[in-house]
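*Asks:* First, the structure itself, so that you have it in front of you.
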Amino acid sequence: MAVLTNTMMQGTAADSDDAGYQIEKSLRFNAGDSPRLTRTPSGAGDTTCWTLSAWVKLASFSSYDAVFSAGASPSWELAINSGVIQFGGDATYRATNRKLRDPSAWYHVIWAYDSNHAIADSRMRIFVNGQEETSFATNATISSGMTTDINANAIEQNLGRTNAGYYFDGLISNVHFIDGL
């Protein structure tokens, strides 16, 4: 992903009193400060196939935590809603049955989108700590070739915020966006 604009962001190392795995150079997002990183591409990438990977540590499990989003409200969002991982846009989304519950844990989450995949259930995939999520409370079907606002030309891309005004509260580190894969 290209350079992002820092909007009220504070860089920190992982909590020094955390007995678990340490993630260096994470960013602390305090939802009350309305933090986000933004990018508006000047040219379109692949809007039918992309992957976003991030390490996240939530400050609480009782809010809507936007990890990444793009587009006008309603937007395409990668989020954690009261511990449930969500992926999608408009009425087309997936929400896991499994909930994240450990406030001391870092979670490695991957959201993979490929609307051209021959198998409909493999067009929107979620992985947590290396395991693919296969049980969903909400499981939308993605049409073949369906585009997203993520990676689209002249549409603001947000790390830590949705266009509806929801912000991430916690730590994010090692964010990787892969265009076309």
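Ligands are numbered from 1 in the order shown, chains are lettered A, B, ... in the order of the structure tokens, and residues start at 1 in each chain.
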Which residues of range 130-157 of chain A come within 6 Å of range 102-119 of chain A, and for each one, what is the closest pair of atoms and their distance in Å to one decimal, counting only C-alpha atoms, sorted by chain and residue number, as a Markdown table?

*Replies:*
```
| residue | atom | partner | partner_atom | distance |
| --- | --- | --- | --- | --- |
| A:Ser144 | CA | A:Ser115 | CA | 5.2 |
| A:Gly145 | CA | A:Ser115 | CA | 5.0 |
| A:Met146 | CA | A:Ser115 | CA | 5.6 |
```

*Asks:* Could you tell me which of A:Thr96, A:Asn151, A:Ser26, A:Asn174 comes closest to Thr138 in chain A if we count only C-alpha atoms?

*Replies:*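 Residue with the minimum atom-to-atom distance to Thr138 in chain A: A:Thr96.
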
*Asks:* May I have a table of the residues of range 73-105 of chain A lying at most 12 Å from range 126-131 of chain A, giving each one's closest pair of atoms and their distance in Å to one decimal, counting only C-alpha atoms, ordered by chain and ascending residue number, as a Markdown table?

*Replies:*
```
| residue | atom | partner | partner_atom | distance |
| --- | --- | --- | --- | --- |
| A:Leu78 | CA | A:Ile126 | CA | 9.8 |
| A:Ala79 | CA | A:Ile126 | CA | 11.2 |
| A:Ile80 | CA | A:Ile126 | CA | 11.7 |
| A:Val84 | CA | A:Val128 | CA | 11.3 |
| A:Ile85 | CA | A:Ile126 | CA | 8.2 |
| A:Gln86 | CA | A:Ile126 | CA | 8.6 |
| A:Phe87 | CA | A:Ile126 | CA | 7.9 |
| A:Gly88 | CA | A:Ile126 | CA | 10.9 |
| A:Tyr93 | CA | A:Ile126 | CA | 11.4 |
| A:Arg94 | CA | A:Ile126 | CA | 8.9 |
| A:Ala95 | CA | A:Ile126 | CA | 9.4 |
| A:Thr96 | CA | A:Ile126 | CA | 8.6 |
| A:Asn97 | CA | A:Ile126 | CA | 11.8 |
| A:Arg98 | CA | A:Val128 | CA | 10.1 |
| A:Lys99 | CA | A:Val128 | CA | 10.7 |
| A:Leu100 | CA | A:Val128 | CA | 9.5 |
| A:Ala105 | CA | A:Asn129 | CA | 10.8 |
```

*Asks:* Need the shell around Phe29 in chain A: protein/DNA/RNA residues with any atom at most 6 Å away, counting only C-alpha atoms. Skip same-chain ones fewer than 4 positions apart. Format as a CSV table (one decimal) with C-alpha atoms, in the first residue's frame?

*Replies:*
```
chain,number,residue,atom,x,y,z
A,35,PRO,CA,-7.5,8.1,14.9
A,169,ASP,CA,-9.6,0.9,19.8
A,170,GLY,CA,-6.4,-1.1,20.4
A,171,LEU,CA,-3.1,-1.8,18.7
```

*Asks:* Mind checking DSSP for chain A and telling me the strand (DSSP E) residues as number ranges by chain?

*Replies:* A: 5-7, 10-12, 26-29, 36-39, 49-58, 64-70, 76-81, 84-89, 92-99, 107-114, 124-128, 131-132, 136-139, 157-159, 170-179

*Asks:* In terms of the shortest atom-to-atom distance over only C-alpha atoms, which of A:Ser82, A:Gly165, A:Asn158, A:Asp33 is closest to Ala70 in chain A?

*Replies:*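 The closest residue to Ala70 in chain A is A:Asn158.
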
*Asks:* Determine, counting only C-alpha atoms, which protein, DNA and RNA residues have an atom within 8 Å of an atom of Ala44 in chain A; residues of the same chain fewer than 4 positions away are not included. Present the result as a ChimeraX atom specification.

*Replies:* /A:151-154

*Asks:* Please, could you write that set of residues out with N, CA and C atoms as a PDB file, in the first residue's frame?

*Replies:*
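Saved the output as out_16.pdb:
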```
ATOM      1  N   ASN A 151      -9.281  -0.688  -2.769  1.00  0.00           N
ATOM      2  CA  ASN A 151      -8.293  -0.637  -3.839  1.00  0.00           C
ATOM      3  C   ASN A 151      -8.809   0.104  -5.077  1.00  0.00           C
ATOM      4  N   ALA A 152      -9.931   0.817  -4.964  1.00  0.00           N
ATOM      5  CA  ALA A 152     -10.524   1.516  -6.108  1.00  0.00           C
ATOM      6  C   ALA A 152      -9.925   2.908  -6.294  1.00  0.00           C
ATOM      7  N   ASN A 153      -9.936   3.382  -7.520  1.00  0.00           N
ATOM      8  CA  ASN A 153      -9.419   4.686  -7.894  1.00  0.00           C
ATOM      9  C   ASN A 153     -10.208   5.819  -7.220  1.00  0.00           C
ATOM     10  N   ALA A 154      -9.484   6.745  -6.629  1.00  0.00           N
ATOM     11  CA  ALA A 154     -10.037   7.982  -6.058  1.00  0.00           C
ATOM     12  C   ALA A 154     -11.033   7.742  -4.917  1.00  0.00           C
TER      13      ALA A 154
END
```

*Asks:* Please report the interatomic distance between CA of Arg123 in chain A and CA of Thr141 in chain A in Å with one decimal.

*Replies:*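 The value is 8.3 Å.
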
*Asks:* Here is a test: counting only C-alpha atoms, which residue of A:Ile155, A:Ala31, A:Cys49, A:Ala137 is nearest to Phe177 in chain A?

*Replies:*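 That would be A:Cys49, the residue with the smallest distance to Phe177 in chain A.
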
*Asks:* Record the distance separating CA of Leu58 in chain A and CA of Arg101 in chain A, expressed in Å with one decimal.

*Replies:* 9.3 Å
